[in-house]
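File shown: data37.cif. Contents: mmCIF, C-alpha atoms.
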data_input
#
loop_
_atom_site.label_atom_id
_atom_site.label_comp_id
_atom_site.auth_asym_id
_atom_site.auth_seq_id
_atom_site.Cartn_x
_atom_site.Cartn_y
_atom_site.Cartn_z
CA MET I 1 0.00 0.00 0.00
CA ASN I 2 1.54 3.31 -1.02
CA PHE I 3 1.03 6.60 0.81
CA LYS I 4 -1.66 7.81 -1.58
CA SER I 5 -3.80 4.69 -1.20
CA PHE I 6 -3.20 4.80 2.58
CA LEU I 7 -4.59 8.35 2.66
CA GLY I 8 -7.41 7.26 0.35
CA SER I 9 -8.53 4.70 2.93
CA PHE I 10 -9.45 7.62 5.23
CA ASN I 11 -11.79 9.12 2.67
CA LEU I 12 -14.80 7.36 4.16
CA LYS I 13 -17.35 9.31 2.21
CA SER I 14 -16.07 8.13 -1.17
CA GLN I 15 -15.55 4.56 0.10
CA CYS I 16 -19.11 4.39 1.38
CA ARG I 17 -20.43 5.86 -1.87
CA LYS I 18 -18.59 3.06 -3.71
CA TYR I 19 -20.67 0.49 -1.80
CA GLY I 20 -23.86 2.46 -2.50
CA LEU I 21 -24.49 2.89 1.25
CA SER I 22 -25.27 5.98 3.29
CA LEU I 23 -22.77 7.01 5.99
CA TRP I 24 -24.91 5.54 8.79
CA GLN I 25 -25.04 2.17 7.04
CA CYS I 26 -21.39 2.05 6.07
CA PRO I 27 -19.15 -0.29 8.15
CA GLN I 28 -16.01 1.88 7.90
CA PHE I 29 -17.81 4.98 9.15
CA LEU I 30 -19.57 3.06 11.92
CA PHE I 31 -16.26 1.53 13.04
CA LEU I 32 -14.74 4.98 13.26
CA MET I 33 -17.74 6.23 15.24
CA MET I 34 -17.53 3.24 17.57
CA GLY I 35 -13.81 3.88 18.18
CA LEU I 36 -14.49 7.54 18.98
CA ILE I 37 -17.36 6.59 21.29
CA ILE I 38 -15.20 4.01 23.14
CA ILE I 39 -12.46 6.62 23.68
CA ALA I 40 -14.98 9.30 24.71
CA SER I 41 -16.90 6.95 27.00
CA THR I 42 -13.70 5.80 28.73
CA ILE I 43 -12.76 9.44 29.43
CA ILE I 44 -16.30 10.36 30.51
CA THR I 45 -16.62 7.30 32.75
CA TYR I 46 -13.29 8.15 34.32
CA GLY I 47 -14.31 11.80 34.83
CA ILE I 48 -17.75 11.02 36.23
CA GLY I 49 -16.46 8.03 38.20
CA SER I 50 -13.84 10.11 39.99
CA HIS I 51 -16.45 12.83 40.69
CA TYR I 52 -19.04 10.41 42.08
CA ILE I 53 -16.56 8.07 43.68
CA ASP I 54 -18.83 7.80 46.72
CA SER I 55 -21.92 6.83 44.67
CA PRO I 56 -21.02 3.60 42.83
CA GLU I 57 -24.65 3.16 41.65
CA ILE I 58 -24.37 6.33 39.51
CA VAL I 59 -21.09 5.11 38.00
CA ALA I 60 -22.64 1.69 37.31
CA LEU I 61 -25.68 3.35 35.67
CA ILE I 62 -23.53 5.50 33.39
CA THR I 63 -21.35 2.51 32.45
CA LEU I 64 -24.50 0.50 31.70
CA PHE I 65 -25.86 3.31 29.55
CA LEU I 66 -22.61 3.60 27.54
CA THR I 67 -22.27 -0.18 27.14
CA THR I 68 -25.86 -0.36 25.81
CA PHE I 69 -25.08 2.41 23.35
CA LEU I 70 -21.96 0.53 22.15
CA LEU I 71 -24.00 -2.65 21.80
CA ILE I 72 -26.52 -0.84 19.58
CA ILE I 73 -23.73 0.54 17.37
CA SER I 74 -22.14 -2.95 17.10
CA PHE I 75 -25.50 -4.38 16.09
CA VAL I 76 -25.91 -1.74 13.36
CA ILE I 77 -22.39 -2.55 12.09
CA THR I 78 -23.21 -6.26 11.88
CA GLN I 79 -26.39 -5.39 9.98
CA SER I 80 -24.45 -3.28 7.49
CA PHE I 81 -22.03 -6.17 6.90
CA ASN I 82 -24.99 -8.46 6.31
CA LYS I 83 -26.33 -5.98 3.81
CA LEU I 84 -23.00 -5.88 1.96
CA ALA I 85 -22.79 -9.69 1.90
CA GLU I 86 -26.39 -9.91 0.66
CA THR I 87 -25.72 -7.34 -2.08
CA ASN I 88 -22.72 -9.38 -3.18
CA ARG I 89 -24.74 -12.61 -3.22
CA ILE I 90 -27.54 -10.99 -5.25
CA LYS I 91 -24.98 -9.63 -7.71
CA SER I 92 -23.43 -13.09 -8.25
CA GLU I 93 -26.87 -14.63 -8.60
CA PHE I 94 -27.89 -11.93 -11.07
CA VAL I 95 -24.78 -12.54 -13.19
CA SER I 96 -25.45 -16.28 -13.09
CA ILE I 97 -29.12 -15.94 -14.16
CA VAL I 98 -28.37 -13.43 -16.93
CA SER I 99 -25.53 -15.58 -18.25
CA HIS I 100 -27.71 -18.68 -18.32
CA GLN I 101 -30.47 -16.79 -20.08
CA LEU I 102 -27.98 -15.48 -22.66
CA ARG I 103 -26.74 -18.97 -23.41
CA ALA I 104 -29.98 -20.11 -25.07
CA PRO I 105 -30.11 -17.38 -27.76
CA LEU I 106 -26.36 -17.66 -28.22
CA SER I 107 -26.61 -21.40 -28.88
CA ASN I 108 -29.41 -20.67 -31.36
CA LEU I 109 -27.28 -18.08 -33.08
CA SER I 110 -24.10 -20.14 -33.32
CA TRP I 111 -25.85 -23.34 -34.43
CA THR I 112 -27.79 -21.42 -37.07
CA ILE I 113 -24.60 -19.80 -38.36
CA GLU I 114 -22.98 -23.26 -38.40
CA THR I 115 -25.91 -24.67 -40.40
CA LEU I 116 -25.73 -21.82 -42.92
CA MET I 117 -21.95 -22.00 -43.26
CA SER I 118 -21.95 -25.78 -43.67
CA GLY I 119 -23.61 -25.36 -47.05
CA ARG I 120 -26.37 -27.80 -46.09
CA MET I 121 -28.93 -25.09 -46.86
CA GLY I 122 -27.31 -24.28 -50.25
CA SER I 123 -24.01 -22.68 -51.10
CA ILE I 124 -23.21 -19.19 -49.84
CA PRO I 125 -22.06 -16.56 -52.33
CA GLU I 126 -18.36 -15.85 -51.83
CA LYS I 127 -19.03 -12.20 -50.97
CA GLN I 128 -21.15 -13.27 -48.00
CA THR I 129 -18.71 -15.85 -46.63
CA GLU I 130 -16.58 -13.19 -44.97
CA TYR I 131 -19.64 -11.72 -43.23
CA PHE I 132 -20.68 -15.15 -41.99
CA ARG I 133 -17.15 -15.65 -40.67
CA ILE I 134 -17.46 -12.35 -38.74
CA LEU I 135 -20.81 -13.51 -37.31
CA LYS I 136 -19.30 -16.83 -36.26
CA GLU I 137 -16.26 -15.22 -34.66
CA ASN I 138 -18.32 -12.72 -32.70
CA SER I 139 -20.91 -15.21 -31.50
CA GLY I 140 -17.92 -17.30 -30.32
CA ARG I 141 -16.55 -14.29 -28.42
CA MET I 142 -19.92 -13.70 -26.77
CA LYS I 143 -20.11 -17.36 -25.76
CA GLU I 144 -16.64 -17.18 -24.22
CA LEU I 145 -17.56 -14.05 -22.28
CA VAL I 146 -20.79 -15.61 -20.98
CA ASN I 147 -18.90 -18.78 -20.00
CA ASP I 148 -16.29 -16.68 -18.16
CA LEU I 149 -18.98 -14.73 -16.32
CA LEU I 150 -20.66 -17.98 -15.29
CA THR I 151 -17.36 -19.38 -14.03
CA VAL I 152 -16.71 -16.17 -12.07
CA SER I 153 -20.16 -16.26 -10.47
CA ARG I 154 -19.58 -19.93 -9.55
CA ILE I 155 -16.25 -19.02 -7.96
CA GLU I 156 -17.94 -16.25 -5.96
CA GLN I 157 -20.82 -18.47 -4.89
CA GLY I 158 -18.38 -21.21 -3.91
CA THR I 159 -19.98 -23.70 -6.28
CA LEU I 160 -17.02 -24.28 -8.60
CA LEU I 161 -16.15 -27.57 -6.97
CA PRO I 162 -13.22 -29.43 -8.54
CA LYS I 163 -13.75 -33.01 -9.61
CA LYS I 164 -11.02 -35.51 -8.77
CA GLU I 165 -9.82 -37.47 -11.75
CA GLU I 166 -6.42 -38.78 -12.72
CA PHE I 167 -4.91 -37.43 -15.93
CA SER I 168 -1.65 -36.57 -17.63
CA LEU I 169 -0.87 -32.85 -17.75
CA GLU I 170 1.66 -33.53 -20.49
CA GLU I 171 -0.96 -35.12 -22.75
CA LEU I 172 -3.36 -32.26 -22.07
CA ILE I 173 -0.77 -29.61 -22.95
CA ASN I 174 0.25 -31.49 -26.09
CA LYS I 175 -3.36 -31.54 -27.20
CA LEU I 176 -3.87 -27.84 -26.48
CA VAL I 177 -0.67 -26.89 -28.32
CA ILE I 178 -2.04 -28.68 -31.40
CA ILE I 179 -5.46 -26.99 -31.02
CA SER I 180 -3.80 -23.55 -30.65
CA GLY I 181 -1.67 -24.21 -33.75
CA PRO I 182 -3.80 -22.33 -36.32
CA PHE I 183 -4.31 -19.31 -34.02
CA ALA I 184 -0.56 -19.21 -33.20
CA LYS I 185 0.38 -19.50 -36.87
CA ALA I 186 -1.98 -16.70 -37.81
CA SER I 187 -0.40 -14.57 -35.06
CA ASN I 188 3.14 -15.46 -36.27
CA VAL I 189 3.93 -17.26 -33.02
CA GLU I 190 5.84 -20.48 -32.56
CA ILE I 191 4.88 -22.67 -29.59
CA LYS I 192 7.54 -24.94 -28.05
CA PHE I 193 6.71 -27.54 -25.43
CA ASP I 194 9.31 -29.25 -23.31
CA ALA I 195 8.22 -31.84 -20.74
CA ALA I 196 10.54 -33.69 -18.35
CA LYS I 197 10.62 -37.46 -18.74
CA ASN I 198 8.40 -39.84 -16.75
CA LEU I 199 6.22 -37.21 -15.15
CA PRO I 200 3.57 -38.66 -12.86
CA LYS I 201 -0.11 -38.07 -13.54
CA ILE I 202 -2.00 -35.55 -11.49
CA TYR I 203 -5.26 -35.86 -9.67
CA GLY I 204 -7.64 -32.96 -10.28
CA ASP I 205 -10.41 -31.49 -12.40
CA PHE I 206 -9.51 -32.06 -16.03
CA SER I 207 -11.79 -29.43 -17.56
CA GLN I 208 -10.82 -26.76 -15.03
CA ILE I 209 -7.08 -27.36 -15.52
CA ARG I 210 -7.69 -27.34 -19.26
CA LEU I 211 -9.27 -23.89 -18.86
CA VAL I 212 -6.16 -22.72 -16.96
CA ILE I 213 -3.75 -23.81 -19.69
CA GLU I 214 -6.03 -22.53 -22.47
CA ASN I 215 -6.10 -19.10 -20.82
CA LEU I 216 -2.34 -18.90 -20.22
CA LEU I 217 -1.56 -20.12 -23.72
CA ASP I 218 -4.09 -17.77 -25.29
CA ASN I 219 -2.66 -14.78 -23.40
CA ALA I 220 0.91 -15.72 -24.35
CA VAL I 221 0.03 -15.94 -28.05
CA ARG I 222 -2.31 -12.95 -28.05
CA TYR I 223 0.06 -10.38 -26.60
CA VAL I 224 3.02 -10.74 -28.96
CA LYS I 225 3.91 -7.94 -31.31
CA GLU I 226 6.09 -9.29 -34.07
CA LYS I 227 7.55 -12.76 -34.32
CA GLY I 228 6.66 -14.49 -31.10
CA ILE I 229 7.97 -17.53 -29.30
CA VAL I 230 5.98 -19.20 -26.55
CA GLU I 231 7.82 -21.79 -24.48
CA ILE I 232 5.97 -24.18 -22.20
CA LYS I 233 7.95 -26.18 -19.66
CA LEU I 234 6.65 -28.97 -17.50
CA TYR I 235 8.73 -30.53 -14.73
CA GLN I 236 8.52 -32.00 -11.26
CA LYS I 237 9.67 -30.18 -8.15
CA ASN I 238 9.38 -32.17 -4.94
CA LYS I 239 5.73 -33.16 -4.59
CA ASP I 240 4.45 -30.74 -7.21
CA ILE I 241 4.24 -30.58 -10.96
CA CYS I 242 5.31 -27.16 -12.25
CA CYS I 243 4.23 -25.61 -15.50
CA GLU I 244 5.75 -22.45 -16.98
CA VAL I 245 4.40 -20.52 -19.93
CA LYS I 246 6.95 -18.01 -21.21
CA ASP I 247 6.40 -15.49 -23.99
CA ASN I 248 8.35 -12.67 -25.57
CA GLY I 249 5.30 -10.42 -25.81
CA VAL I 250 4.46 -6.93 -24.62
CA GLY I 251 4.93 -7.75 -20.90
CA ILE I 252 3.03 -6.20 -18.01
CA PRO I 253 3.92 -2.68 -16.82
CA LYS I 254 5.38 -2.72 -13.29
CA ASP I 255 2.58 -0.56 -11.84
CA ASP I 256 -0.09 -2.90 -13.21
CA GLN I 257 1.46 -6.14 -11.97
CA LYS I 258 -0.19 -6.13 -8.55
CA TYR I 259 -3.66 -5.95 -10.12
CA ILE I 260 -3.15 -8.61 -12.78
CA PHE I 261 -5.16 -11.36 -11.04
CA GLN I 262 -8.05 -9.03 -10.18
CA LYS I 263 -11.27 -9.54 -12.07
CA PHE I 264 -12.05 -7.18 -14.97
CA PHE I 265 -8.54 -5.70 -14.75
CA ARG I 266 -6.73 -5.18 -18.03
CA SER I 267 -3.34 -3.55 -18.08
CA GLU I 268 -2.94 -0.35 -20.01
CA ASN I 269 -0.64 -1.86 -22.66
CA ALA I 270 -2.92 -4.89 -23.05
CA LEU I 271 -5.75 -2.54 -23.94
CA ARG I 272 -3.50 -0.76 -26.42
CA ASN I 273 -2.25 -3.93 -28.10
CA GLN I 274 -5.32 -6.13 -27.94
CA THR I 275 -8.81 -4.75 -27.69
CA GLN I 276 -10.45 -8.17 -27.17
CA GLY I 277 -10.57 -9.62 -23.68
CA SER I 278 -12.72 -9.29 -20.60
CA GLY I 279 -10.09 -9.23 -17.86
CA LEU I 280 -11.61 -12.37 -16.31
CA GLY I 281 -9.17 -15.03 -17.53
CA LEU I 282 -6.38 -14.65 -14.96
CA TYR I 283 -8.86 -14.22 -12.09
CA ILE I 284 -10.43 -17.57 -13.10
CA VAL I 285 -7.00 -19.18 -13.55
CA LYS I 286 -5.84 -18.14 -10.07
CA SER I 287 -9.07 -19.28 -8.40
CA ILE I 288 -8.90 -22.71 -10.06
CA ILE I 289 -5.25 -23.25 -9.13
CA LYS I 290 -5.88 -22.15 -5.53
CA ASN I 291 -8.93 -24.46 -5.35
CA ALA I 292 -6.81 -27.33 -6.61
CA GLY I 293 -4.24 -26.78 -3.84
CA GLY I 294 -1.60 -25.30 -6.15
CA LYS I 295 0.29 -22.04 -6.43
CA ILE I 296 0.48 -19.49 -9.23
CA GLY I 297 2.71 -16.54 -10.01
CA PHE I 298 4.50 -14.67 -12.76
CA HIS I 299 7.40 -12.43 -13.57
CA SER I 300 7.18 -9.91 -16.32
CA GLU I 301 9.03 -7.03 -17.86
CA GLU I 302 7.43 -4.53 -20.17
CA ARG I 303 8.42 -5.01 -23.84
CA MET I 304 10.42 -8.16 -22.90
CA GLY I 305 7.67 -10.65 -22.12
CA SER I 306 6.10 -12.57 -19.28
CA THR I 307 6.44 -15.98 -17.67
CA PHE I 308 3.42 -17.34 -15.85
CA TRP I 309 3.89 -20.45 -13.73
CA PHE I 310 1.68 -22.67 -11.64
CA THR I 311 2.12 -25.77 -9.55
CA LEU I 312 -0.24 -28.64 -8.86
CA PRO I 313 0.23 -31.24 -6.16
CA ILE I 314 0.92 -34.83 -7.18
CA ILE I 315 -1.13 -37.17 -5.04
CA SER I 316 -0.04 -40.77 -5.32
CA MET T 1 -35.09 -48.37 -41.99
CA PRO T 2 -33.64 -45.07 -40.81
CA LYS T 3 -33.01 -44.77 -37.08
CA LYS T 4 -35.39 -42.52 -35.18
CA ILE T 5 -34.24 -39.67 -32.97
CA LEU T 6 -36.56 -37.79 -30.63
CA PHE T 7 -35.69 -34.20 -29.69
CA ILE T 8 -37.32 -32.99 -26.50
CA GLU T 9 -36.39 -29.32 -26.73
CA ASP T 10 -38.51 -26.21 -26.22
CA GLU T 11 -36.34 -23.87 -28.32
CA SER T 12 -37.84 -24.17 -31.79
CA ALA T 13 -34.76 -22.66 -33.47
CA LEU T 14 -32.53 -25.33 -31.95
CA GLN T 15 -35.07 -28.00 -32.91
CA LYS T 16 -34.97 -26.79 -36.50
CA ASN T 17 -31.18 -26.85 -36.66
CA LEU T 18 -31.05 -30.34 -35.15
CA SER T 19 -33.83 -31.68 -37.37
CA ASP T 20 -32.22 -30.32 -40.54
CA LEU T 21 -28.86 -31.77 -39.62
CA PHE T 22 -30.07 -35.22 -38.63
CA SER T 23 -32.53 -35.53 -41.55
CA ARG T 24 -29.65 -34.89 -43.93
CA GLU T 25 -27.72 -37.66 -42.23
CA ASN T 26 -30.63 -40.00 -42.99
CA TYR T 27 -32.13 -40.17 -39.51
CA GLU T 28 -35.84 -39.89 -38.93
CA THR T 29 -36.51 -37.02 -36.56
CA ILE T 30 -39.40 -36.46 -34.15
CA SER T 31 -39.78 -33.29 -32.11
CA ALA T 32 -41.46 -32.46 -28.82
CA LEU T 33 -41.65 -28.94 -27.45
CA ASP T 34 -42.45 -29.91 -23.87
CA GLY T 35 -41.79 -32.69 -21.39
CA GLU T 36 -45.25 -34.27 -21.50
CA ILE T 37 -45.39 -34.57 -25.29
CA GLY T 38 -41.82 -35.86 -25.17
CA LEU T 39 -42.79 -38.66 -22.79
CA SER T 40 -45.78 -39.77 -24.84
CA LEU T 41 -43.80 -39.66 -28.11
CA ALA T 42 -41.03 -41.71 -26.50
CA LYS T 43 -43.57 -44.36 -25.48
CA ASN T 44 -45.53 -44.43 -28.72
CA LYS T 45 -42.85 -43.92 -31.36
CA LYS T 46 -40.05 -45.94 -29.71
CA PRO T 47 -37.12 -43.80 -30.91
CA ASP T 48 -33.60 -45.23 -31.08
CA LEU T 49 -32.20 -42.25 -29.16
CA ILE T 50 -33.51 -39.23 -27.28
CA LEU T 51 -31.88 -35.81 -27.09
CA LEU T 52 -33.29 -34.22 -23.96
CA ASP T 53 -33.17 -30.63 -22.71
CA LEU T 54 -33.45 -30.07 -18.95
CA ILE T 55 -35.45 -26.83 -18.76
CA LEU T 56 -38.77 -27.72 -20.33
CA PRO T 57 -42.37 -26.64 -19.90
CA LYS T 58 -44.95 -28.98 -18.28
CA ALA T 59 -42.44 -31.63 -17.13
CA SER T 60 -38.80 -30.89 -16.42
CA GLY T 61 -36.04 -32.79 -18.19
CA LEU T 62 -35.12 -34.56 -14.94
CA ASP T 63 -38.74 -35.73 -14.46
CA VAL T 64 -38.89 -36.90 -18.05
CA LEU T 65 -35.61 -38.80 -17.66
CA LYS T 66 -36.78 -40.42 -14.44
CA LYS T 67 -40.06 -41.56 -16.00
CA LEU T 68 -38.32 -42.80 -19.14
CA LYS T 69 -35.99 -44.95 -17.06
CA GLU T 70 -38.85 -46.27 -14.87
CA ASP T 71 -40.96 -47.38 -17.82
CA LYS T 72 -40.02 -50.81 -19.17
CA ASP T 73 -40.92 -49.69 -22.73
CA THR T 74 -38.49 -46.78 -22.73
CA LYS T 75 -35.82 -47.60 -20.18
CA ASN T 76 -33.39 -49.02 -22.75
CA ILE T 77 -33.52 -46.01 -25.07
CA PRO T 78 -30.21 -44.09 -24.76
CA VAL T 79 -30.80 -40.52 -23.60
CA ILE T 80 -28.30 -37.75 -24.33
CA VAL T 81 -28.90 -34.69 -22.19
CA LEU T 82 -28.40 -31.50 -24.20
CA THR T 83 -28.72 -28.42 -22.06
CA ASN T 84 -27.24 -25.11 -21.07
CA LEU T 85 -27.09 -25.99 -17.38
CA GLU T 86 -23.74 -27.28 -16.27
CA SER T 87 -23.57 -27.44 -12.51
CA MET T 88 -21.96 -30.55 -11.05
CA GLY T 89 -25.27 -31.30 -9.34
CA ASP T 90 -27.20 -31.38 -12.62
CA ILE T 91 -24.57 -33.52 -14.32
CA GLU T 92 -24.41 -36.03 -11.47
CA LYS T 93 -28.19 -36.23 -11.12
CA THR T 94 -28.80 -36.96 -14.80
CA LEU T 95 -26.01 -39.53 -15.03
CA ALA T 96 -27.27 -41.21 -11.86
CA LEU T 97 -30.75 -41.38 -13.40
CA GLY T 98 -29.29 -43.22 -16.38
CA ALA T 99 -28.49 -40.60 -19.04
CA THR T 100 -25.84 -41.82 -21.49
CA THR T 101 -24.01 -38.51 -21.93
CA TYR T 102 -24.34 -34.92 -20.79
CA LEU T 103 -23.61 -32.18 -23.35
CA VAL T 104 -23.61 -28.43 -22.73
CA LYS T 105 -25.13 -26.78 -25.80
CA SER T 106 -22.96 -23.70 -25.79
CA SER T 107 -19.78 -25.80 -25.63
CA TYR T 108 -20.64 -28.06 -28.56
CA SER T 109 -20.98 -27.42 -32.25
CA LEU T 110 -23.75 -29.15 -34.22
CA ASP T 111 -21.19 -31.46 -35.81
CA GLU T 112 -19.91 -32.49 -32.39
CA VAL T 113 -23.46 -33.28 -31.25
CA LEU T 114 -23.92 -35.35 -34.41
CA GLU T 115 -20.70 -37.22 -33.69
CA LYS T 116 -21.80 -38.03 -30.11
CA VAL T 117 -25.16 -39.31 -31.35
CA LYS T 118 -23.52 -41.45 -34.03
CA LYS T 119 -21.08 -42.89 -31.50
CA THR T 120 -23.90 -43.72 -29.09
CA LEU T 121 -25.89 -45.41 -31.87
CA GLY T 122 -22.81 -47.28 -33.08
CA ASP T 123 -22.95 -45.53 -36.46
CA LEU T 124 -19.40 -44.20 -36.29
#
Once you've parsed the file, please lay out its structure as structure tokens.
Amino acid sequence: MNFKSFLGSFNLKSQCRKYGLSLWQCPQFLFLMMGLIIIASTIITYGIGSHYIDSPEIVALITLFLTTFLLIISFVITQSFNKLAETNRIKSEFVSIVSHQLRAPLSNLSWTIETLMSGRMGSIPEKQTEYFRILKENSGRMKELVNDLLTVSRIEQGTLLPKKEEFSLEELINKLVIISGPFAKASNVEIKFDAAKNLPKIYGDFSQIRLVIENLLDNAVRYVKEKGIVEIKLYQKNKDICCEVKDNGVGIPKDDQKYIFQKFFRSENALRNQTQGSGLGLYIVKSIIKNAGGKIGFHSEERMGSTFWFTLPIIS
Amino acid sequence: MPKKILFIEDESALQKNLSDLFSRENYETISALDGEIGLSLAKNKKPDLILLDLILPKASGLDVLKKLKEDKDTKNIPVIVLTNLESMGDIEKTLALGATTYLVKSSYSLDEVLEKVKKTLGDL
């Protein structure tokens, strides 16, 4: 926390406005008030107590009155926390419902485009093919965004529970490198994959780990400028399997690095170089790895590239 | 004799896409827009495979699946669940009730659905 953000934490009015709460419903403000009241009541009790030292019933009455007042304030604070938690739950539920509702028309749209493009309904004039391709690409982007939003709302609701299945990370990466081939080629990027020999299988959720590697690989390929090289390394370190995805892309500016796993965050140079992207990918990746009992991190230098790594425990 | 496939799906646009695709692959297609019609068509027409949505009017996909698997006339018909719900709970429930496969619509292309159906019917 730098000095500016430390000072910013004292601006209660703007913080409470951010939550959409009035001052008297805002936990930060109520905490401050409670602190002031505790200090004031201690001083007052001391003052009155020393004045009425011969009448303990008056001192007891005043202490009782102040304690009751503090209890009321504490109750209001608890209520305001409940309200914040409830708002958060409603928001996640709202995102989940909207995303599910969007899926139906999106499936309609993409299947209809697929039917038209397959030529089963008659051939498409060449001039229109490009427009159909744009439709297909954009409906695909919308589907990805909706899927990401659903994953995020599951993470927030605590319902993204990992399955436990045994699989080979090496085979999965090999498969994804092949799938990413056309996209990498079109982006002038070469993908290299180097796996240590005789790696054990891991025990985790195949589709979630697949999502992790897809995201890291996609980012590595997407944020290169000229001729790119993406190197994936897989090796064992003690009781973990480690995976590194290294690129020579645009890198992450130093000031942005601490926000990179936050949801909806996109670094300033990412926005400049690549307009597509929701800023949800790395948030999802980190949540999945944490859920699976692994660790994740990165090192990056602007204009030089980034290396993202994660570990997953091997359970024999 | 072409094999019969029953679609129990309330989205008419998806029905149309599926029917067009499977008819061209020489399958006979039957469509039901709600759970109740789906159940009666399954009993009367004896399809070789059922593609079943989970959110349906009148009877939910889970109810339909349960009744299909309880009825001796329909319990051996393979059921592929084709839906946009994908919580672990939904997947586990349908598989426990006897569904052959669970496919999430938005994650599959039409050709991939066709491939799954062909594999299930032994046509691939």
(request) Using all atoms listed in the file, pick whichever of T:Asp34, T:Asp48, T:Asp63, T:Glu86 has the shortest atom-to-atom distance to chain I. (result)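 Checking each of T:Asp34, T:Asp48, T:Asp63, T:Glu86 against chain I, counting all atoms listed in the file, the winner is T:Glu86.
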(request) Pick out the chain T residues within 12 Å of chain I. Count only C-alpha atoms. Give them as a VMD selection string. (result) chain T and resid 9 to 25 53 55 82 to 89 91 to 92 104 to 113
(message) Rounded to one decimal, what separation in Å do you get between atom CA of Ser306 of chain I and atom CA of Ile229 of chain I?
(response) 11.3 Å
(request) Please measure the separation of atom CA of Ser168 of chain I and atom CA of Leu124 of chain T, giving the value in Å to one decimal. (result)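 Here the two named atoms are 26.9 Å from each other.
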(request) For Thr129 of chain I, work out the shell of residues within 10 Å, counting all atoms listed in the file and skipping chain neighbours fewer than 6 positions away, then give it as a VMD selection string. (result) chain I and resid 116 to 117 123 135
For the selection you just gave me, I'd like the residues written to a file as a PDB file, in the frame of the given file, keeping C-alpha atoms.
ATOM      1  CA  LEU I 116     -25.730 -21.820 -42.920  1.00  0.00           C
ATOM      2  CA  MET I 117     -21.950 -22.000 -43.260  1.00  0.00           C
ATOM      3  CA  SER I 123     -24.010 -22.680 -51.100  1.00  0.00           C
ATOM      4  CA  LEU I 135     -20.810 -13.510 -37.310  1.00  0.00           C
TER       5      LEU I 135
END
(message) What does the structure give for the distance between atom CA of Val152 of chain I and atom CA of Ile260 of chain I, in Å to one decimal?
(response) 15.5 Å
(message) For segment 199-215 of chain I, find every residue with an atom within 9 Å (counting only C-alpha atoms), except residues of its own chain fewer than 5 positions away, and show them as number ranges by chain.
(response) I: 161-170, 172-173, 176, 180, 220, 234-236, 241, 245, 281-282, 284-286, 288-289, 292, 312-316
(request) Show me as a list in words the residues that reach within 8 Å of (11.9, -6.6, -26.2), counting all atoms listed in the file and using the file's own coordinates. (result) Asn248, Gly249, Val250, Glu302, Arg303, Met304 and Gly305 of chain I
(request) Specify as a count of residues only each residue included when the PyMOL selection byres ((chain T and resi 52) around 10) is applied to this file. (result) 28
(request) Convert the output of the PyMOL selection byres ((chain I and resi 191) around 9) on the shown file into explicit residues, formatted as a ChimeraX atom specification. (result) /I:177,180-181,184,189-190,192-193,221,228-232
Starting from the PyMOL selection byres ((chain I and resi 70) around 10), expand the selection into actual residues of this file and give them as a short mmCIF file (atom, residue, chain, number, x, y, z; two decimals) with C-alpha atoms, in the frame of the given file.
data_model
loop_
_atom_site.label_atom_id
_atom_site.label_comp_id
_atom_site.auth_asym_id
_atom_site.auth_seq_id
_atom_site.Cartn_x
_atom_site.Cartn_y
_atom_site.Cartn_z
CA MET I 33 -17.74 6.23 15.24
CA MET I 34 -17.53 3.24 17.57
CA GLY I 35 -13.81 3.88 18.18
CA ILE I 37 -17.36 6.59 21.29
CA ILE I 38 -15.20 4.01 23.14
CA SER I 41 -16.90 6.95 27.00
CA LEU I 64 -24.50 0.50 31.70
CA PHE I 65 -25.86 3.31 29.55
CA LEU I 66 -22.61 3.60 27.54
CA THR I 67 -22.27 -0.18 27.14
CA THR I 68 -25.86 -0.36 25.81
CA PHE I 69 -25.08 2.41 23.35
CA LEU I 71 -24.00 -2.65 21.80
CA ILE I 72 -26.52 -0.84 19.58
CA ILE I 73 -23.73 0.54 17.37
CA SER I 74 -22.14 -2.95 17.10
CA PHE I 75 -25.50 -4.38 16.09
CA VAL I 76 -25.91 -1.74 13.36
#
